[in-house]
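For reference, data_8.cif (mmCIF, C-alpha atoms):
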```
data_input
loop_
_atom_site.label_atom_id
_atom_site.label_comp_id
_atom_site.auth_asym_id
_atom_site.auth_seq_id
_atom_site.Cartn_x
_atom_site.Cartn_y
_atom_site.Cartn_z
CA MET A 1 15.09 112.66 272.90
CA LYS A 2 18.05 110.82 274.44
CA VAL A 3 20.32 113.19 276.35
CA LEU A 4 23.80 112.44 277.68
CA VAL A 5 24.33 114.54 280.82
CA VAL A 6 28.00 114.92 281.74
CA PHE A 7 28.42 115.66 285.45
CA ASP A 8 31.71 116.93 286.85
CA HIS A 9 32.09 117.38 290.58
CA PRO A 10 34.12 115.34 293.07
CA ARG A 11 31.09 115.09 295.37
CA ARG A 12 27.80 113.82 293.99
CA ILE A 13 26.12 115.15 297.14
CA SER A 14 26.86 118.82 296.52
CA PHE A 15 25.02 121.86 295.22
CA SER A 16 26.22 120.88 291.74
CA GLY A 17 24.62 117.47 292.37
CA ALA A 18 21.37 119.17 293.37
CA ILE A 19 21.43 121.14 290.11
CA LEU A 20 22.03 117.87 288.23
CA ASP A 21 19.07 116.21 290.00
CA ALA A 22 16.75 119.11 289.21
CA PHE A 23 17.84 119.18 285.56
CA LEU A 24 17.27 115.40 285.30
CA GLU A 25 13.78 115.81 286.84
CA GLY A 26 12.97 118.43 284.24
CA LEU A 27 14.21 116.21 281.41
CA ALA A 28 12.04 113.35 282.71
CA ASP A 29 9.01 115.67 283.01
CA ALA A 30 9.48 116.56 279.33
CA GLY A 31 9.66 112.89 278.33
CA HIS A 32 13.37 112.84 277.58
CA GLU A 33 15.58 109.86 278.40
CA ALA A 34 18.76 110.85 280.25
CA GLU A 35 22.02 108.97 280.56
CA ILE A 36 24.47 110.28 283.16
CA ALA A 37 28.23 110.36 282.68
CA ASP A 38 29.48 111.04 286.23
CA LEU A 39 33.15 111.55 285.42
CA TYR A 40 34.43 111.32 289.02
CA ALA A 41 32.25 108.40 290.09
CA GLU A 42 33.24 106.48 286.96
CA GLY A 43 36.93 107.21 287.49
CA PHE A 44 37.47 108.75 284.06
CA ASP A 45 41.16 109.51 283.47
CA PRO A 46 41.36 112.97 281.85
CA ARG A 47 45.06 112.67 281.00
CA MET A 48 45.94 112.36 277.32
CA PRO A 49 47.91 109.16 276.69
CA LEU A 50 49.78 108.71 273.42
CA ALA A 51 47.10 106.30 272.16
CA ASP A 52 44.55 109.12 272.23
CA GLU A 53 46.68 111.95 270.92
CA PRO A 54 45.16 113.39 267.73
CA ASP A 55 46.76 112.19 264.52
CA TRP A 56 46.39 115.00 261.99
CA ASP A 57 47.37 112.67 259.12
CA ASP A 58 44.84 109.94 259.97
CA ASP A 59 41.16 110.84 260.22
CA ASP A 60 40.39 107.15 260.81
CA LYS A 61 42.72 106.60 263.74
CA ILE A 62 41.47 103.99 266.23
CA TYR A 63 41.67 105.43 269.73
CA SER A 64 41.99 103.58 273.06
CA GLY A 65 39.24 101.34 274.40
CA ALA A 66 38.35 103.93 277.07
CA VAL A 67 37.84 106.60 274.41
CA LEU A 68 35.92 104.28 272.10
CA ALA A 69 33.56 103.45 274.98
CA GLU A 70 32.93 107.16 275.63
CA GLN A 71 32.42 107.83 271.93
CA THR A 72 29.89 104.99 271.78
CA ARG A 73 28.04 106.48 274.75
CA ILE A 74 27.98 109.91 273.12
CA ALA A 75 26.83 108.47 269.78
CA ARG A 76 23.80 106.69 271.24
CA ASN A 77 22.38 110.04 272.43
CA ASP A 78 20.70 112.81 270.43
CA ALA A 79 21.88 115.70 272.57
CA ILE A 80 24.40 116.47 275.30
CA ALA A 81 24.33 118.56 278.45
CA PHE A 82 27.01 119.41 281.00
CA VAL A 83 26.62 120.28 284.69
CA PHE A 84 29.76 121.61 286.37
CA PRO A 85 31.10 124.14 288.85
CA VAL A 86 32.90 127.04 287.22
CA TRP A 87 36.55 126.85 288.26
CA TRP A 88 38.94 129.52 287.00
CA TRP A 89 36.28 130.84 284.60
CA SER A 90 35.98 127.57 282.72
CA VAL A 91 35.01 123.93 283.03
CA PRO A 92 36.93 121.87 285.60
CA ALA A 93 39.99 119.91 284.47
CA MET A 94 38.05 116.63 284.40
CA THR A 95 35.58 117.96 281.81
CA LYS A 96 38.35 119.63 279.82
CA GLY A 97 40.32 116.37 279.77
CA TRP A 98 37.20 114.39 278.79
CA ILE A 99 36.59 116.70 275.84
CA ASP A 100 40.29 116.78 274.85
CA ARG A 101 40.62 113.02 274.97
CA VAL A 102 37.22 111.85 273.67
CA TRP A 103 36.13 114.53 271.18
CA ASN A 104 39.02 113.72 268.92
CA ASN A 105 40.18 114.42 265.37
CA GLY A 106 38.27 112.45 262.75
CA TRP A 107 35.43 111.81 265.17
CA ALA A 108 34.21 115.15 266.59
CA TYR A 109 36.12 117.53 264.33
CA GLY A 110 38.14 117.30 261.16
CA ALA A 111 36.73 114.83 258.63
CA ARG A 112 33.62 114.18 260.75
CA LYS A 113 31.69 116.27 263.26
CA LEU A 114 29.28 115.42 266.05
CA PRO A 115 25.71 114.85 264.79
CA HIS A 116 23.99 116.06 267.95
CA ARG A 117 21.05 118.39 267.57
CA LYS A 118 21.51 120.30 270.79
CA ALA A 119 23.89 120.99 273.67
CA LEU A 120 23.57 122.84 276.95
CA MET A 121 26.25 123.71 279.49
CA ILE A 122 25.16 124.62 283.02
CA GLY A 123 27.97 126.23 285.00
CA ILE A 124 27.54 126.87 288.71
CA ALA A 125 29.37 130.09 289.58
CA ALA A 126 30.12 131.56 293.01
CA ASN A 127 30.56 135.11 291.72
CA SER A 128 27.88 137.57 290.67
CA ALA A 129 26.63 138.29 287.17
CA GLU A 130 27.91 141.84 287.57
CA GLY A 131 31.40 140.59 288.36
CA TYR A 132 31.40 138.37 285.28
CA ARG A 133 30.17 141.24 283.09
CA GLU A 134 32.68 143.77 284.44
CA ARG A 135 35.63 141.53 283.57
CA GLY A 136 34.15 140.03 280.41
CA ASP A 137 34.28 136.53 281.90
CA GLU A 138 30.93 135.34 280.57
CA ALA A 139 31.75 136.52 277.04
CA ALA A 140 35.11 134.74 277.24
CA MET A 141 33.48 131.53 278.43
CA ARG A 142 30.86 131.71 275.67
CA SER A 143 33.56 132.15 273.05
CA GLN A 144 35.71 129.34 274.43
CA LEU A 145 33.00 126.77 275.15
CA LEU A 146 30.25 127.48 272.64
CA VAL A 147 32.23 128.62 269.61
CA GLY A 148 35.55 126.93 270.32
CA VAL A 149 34.17 123.54 271.40
CA LEU A 150 30.49 122.89 270.70
CA ASN A 151 30.06 124.84 267.44
CA TYR A 152 33.51 123.76 266.21
CA CYS A 153 32.47 120.14 266.69
CA GLY A 154 29.25 120.61 264.71
CA ILE A 155 26.66 121.38 267.41
CA LYS A 156 25.11 124.67 266.29
CA ASN A 157 22.19 124.71 268.76
CA ALA A 158 24.30 125.21 271.88
CA ASP A 159 23.92 127.36 274.97
CA LEU A 160 25.79 128.16 278.17
CA ARG A 161 23.80 129.04 281.28
CA LEU A 162 25.74 130.37 284.24
CA PHE A 163 24.11 130.06 287.65
CA TYR A 164 25.52 133.06 289.53
CA ASP A 165 25.84 133.64 293.29
CA ALA A 166 25.55 129.91 294.01
CA LEU A 167 27.23 130.25 297.41
CA GLU A 168 25.14 133.19 298.65
CA THR A 169 21.76 132.35 300.24
CA ASP A 170 19.36 129.42 300.47
CA GLU A 171 16.81 131.53 298.53
CA ILE A 172 19.21 132.03 295.62
CA ARG A 173 20.11 128.34 295.64
CA ALA A 174 16.41 127.35 295.59
CA THR A 175 15.85 129.69 292.63
CA LEU A 176 18.80 128.15 290.77
CA ILE A 177 17.51 124.62 291.43
CA GLU A 178 14.13 125.60 290.00
CA GLU A 179 15.89 127.17 286.99
CA ALA A 180 17.73 123.87 286.36
CA ARG A 181 14.41 121.99 286.51
CA ARG A 182 12.91 124.49 284.02
CA LEU A 183 15.89 124.10 281.66
CA GLY A 184 15.35 120.34 281.72
CA ARG A 185 11.64 120.70 280.96
CA GLU A 186 12.35 123.09 278.08
CA PHE A 187 15.32 121.19 276.66
#
```
For the structure just supplied, provide its representation as structure tokens.
Amino acid sequence: MKVLVVFDHPRRISFSGAILDAFLEGLADAGHEAEIADLYAEGFDPRMPLADEPDWDDDDKIYSGAVLAEQTRIARNDAIAFVFPVWWWSVPAMTKGWIDRVWNNGWAYGARKLPHRKALMIGIAANSAEGYRERGDEAAMRSQLLVGVLNYCGIKNADLRLFYDALETDEIRATLIEEARRLGREF
């Protein structure tokens, strides 16, 4: 399977980058072909220019060249995965802007939906699982990202995995890296 892996972190050499590397290793072990969309390294502009604003009266609107290039990249893959740090109980602004701008009306929702068979979001969280449960943060993220984005755009086989306590100890970080590798192998 061809998998587009969207990576969002300003530093490729980071714990998020280590999670990405482990996930990619697992995908390769399983025989999948991965394509990386490193939003920061590629200089993606997450701002919504007028050319990419949804047109609710035109399901066949032609978007900007930058968006068409991203849509082409998405379309040549069978599945999509995201690796990102959890900031303010959501995806970072770069990922949000990428989805807002690229997954547009008439292409990812509306008259047409994404044809992808599977999606996985891996969020690296500094807080504990207990903290997320107490406040309902994980449930809110699942509703927003899985139902409100992935399912809405046609991807029914979608999951969100939160990697808790990512800033705690080297042992926890090693466990999370192995979990990312396992997720890649089982993707």
Every residue with an atom at most 10 Å from (41.1, 106.1, 270.7) (file coordinates; all atoms listed in the file) is what I'm after, so could you write them as an mmCIF file with C-alpha atoms, in the coordinates of the input?
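Written file, selection_9.cif:
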```
data_model
loop_
_atom_site.group_PDB
_atom_site.id
_atom_site.type_symbol
_atom_site.label_atom_id
_atom_site.label_comp_id
_atom_site.auth_asym_id
_atom_site.auth_seq_id
_atom_site.Cartn_x
_atom_site.Cartn_y
_atom_site.Cartn_z
ATOM 1 C CA PRO A 49 47.910 109.160 276.690
ATOM 2 C CA LEU A 50 49.780 108.710 273.420
ATOM 3 C CA ALA A 51 47.100 106.300 272.160
ATOM 4 C CA ASP A 52 44.550 109.120 272.230
ATOM 5 C CA GLU A 53 46.680 111.950 270.920
ATOM 6 C CA PRO A 54 45.160 113.390 267.730
ATOM 7 C CA ASP A 60 40.390 107.150 260.810
ATOM 8 C CA LYS A 61 42.720 106.600 263.740
ATOM 9 C CA ILE A 62 41.470 103.990 266.230
ATOM 10 C CA TYR A 63 41.670 105.430 269.730
ATOM 11 C CA SER A 64 41.990 103.580 273.060
ATOM 12 C CA GLY A 65 39.240 101.340 274.400
ATOM 13 C CA ALA A 66 38.350 103.930 277.070
ATOM 14 C CA VAL A 67 37.840 106.600 274.410
ATOM 15 C CA LEU A 68 35.920 104.280 272.100
ATOM 16 C CA ALA A 69 33.560 103.450 274.980
ATOM 17 C CA GLU A 70 32.930 107.160 275.630
ATOM 18 C CA GLN A 71 32.420 107.830 271.930
ATOM 19 C CA ARG A 101 40.620 113.020 274.970
ATOM 20 C CA VAL A 102 37.220 111.850 273.670
ATOM 21 C CA TRP A 103 36.130 114.530 271.180
ATOM 22 C CA ASN A 104 39.020 113.720 268.920
ATOM 23 C CA ASN A 105 40.180 114.420 265.370
ATOM 24 C CA TRP A 107 35.430 111.810 265.170
#
```
Q | From A:Val3, A:Ala174, A:Leu162, A:Leu114, residue lying nearest Asn127 (chain A) [all atoms listed in the file] | A | A:Leu162
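The residue set within 12 Å of Ala139 (chain A), counting only C-alpha atoms and dropping same-chain residues fewer than 5 places from it, reads Trp89, Ser90, Ala129, Tyr132, Arg133, Glu134, Gln144, Leu145, Leu146, Val147, Leu160, Arg161 and Leu162 of chain A.
Nearest residue to Tyr152 (chain A), choosing from A:Gly123, A:Gly97, A:Pro115, A:Pro46 and counting all atoms listed in the file: A:Pro115.
Comparing the minimum interatomic distances between Val86 (chain A) and each of A:Ala111, A:Ile99, A:Ile155, A:Ala126, counting all atoms listed in the file, we find that A:Ala126 sits nearest.
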Q. What does the PyMOL selection byres ((chain A and resi 42) around 12) select in this file, as an MDAnalysis selection string?
A. chainID A and resid 6:10 12 36:41 43:46 66 70 94
**Q.** Pick from A:Gly184, A:Asp137, A:Glu168, A:Arg112 nearest to Val5 (chain A), counting only C-alpha atoms
**A.** A:Gly184
Write out as a PDB file with C-alpha atoms, in the coordinates of the input the residues lying within 7 Å of Ile177 (chain A), counting all atoms listed in the file and excluding same-chain residues fewer than 4 positions away.
```
ATOM      1  CA  ALA A  18      21.370 119.170 293.370  1.00  0.00           C
ATOM      2  CA  ILE A  19      21.430 121.140 290.110  1.00  0.00           C
ATOM      3  CA  ALA A  22      16.750 119.110 289.210  1.00  0.00           C
ATOM      4  CA  ARG A 173      20.110 128.340 295.640  1.00  0.00           C
ATOM      5  CA  ARG A 181      14.410 121.990 286.510  1.00  0.00           C
TER       6      ARG A 181
END
```
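Those residues that approach Glu35 (chain A) to within 12 Å, counting all atoms listed in the file, are Met1, Lys2, Val3, Leu4, Val5, Val6, Phe7, Leu20, Leu24, Leu27, Ala28, Arg73, Ile74, Ala75, Arg76, Asn77, Asp78, Ala79, Ile80, Ala81 and Phe82 of chain A; same-chain residues fewer than 6 positions away are not listed.
Going from CA of Arg47 (chain A) over to CA of Ala93 (chain A), you cover 9.5 Å.
Atom to atom, CA of Trp98 (chain A) and CA of Pro85 (chain A) stand 15.3 Å apart.
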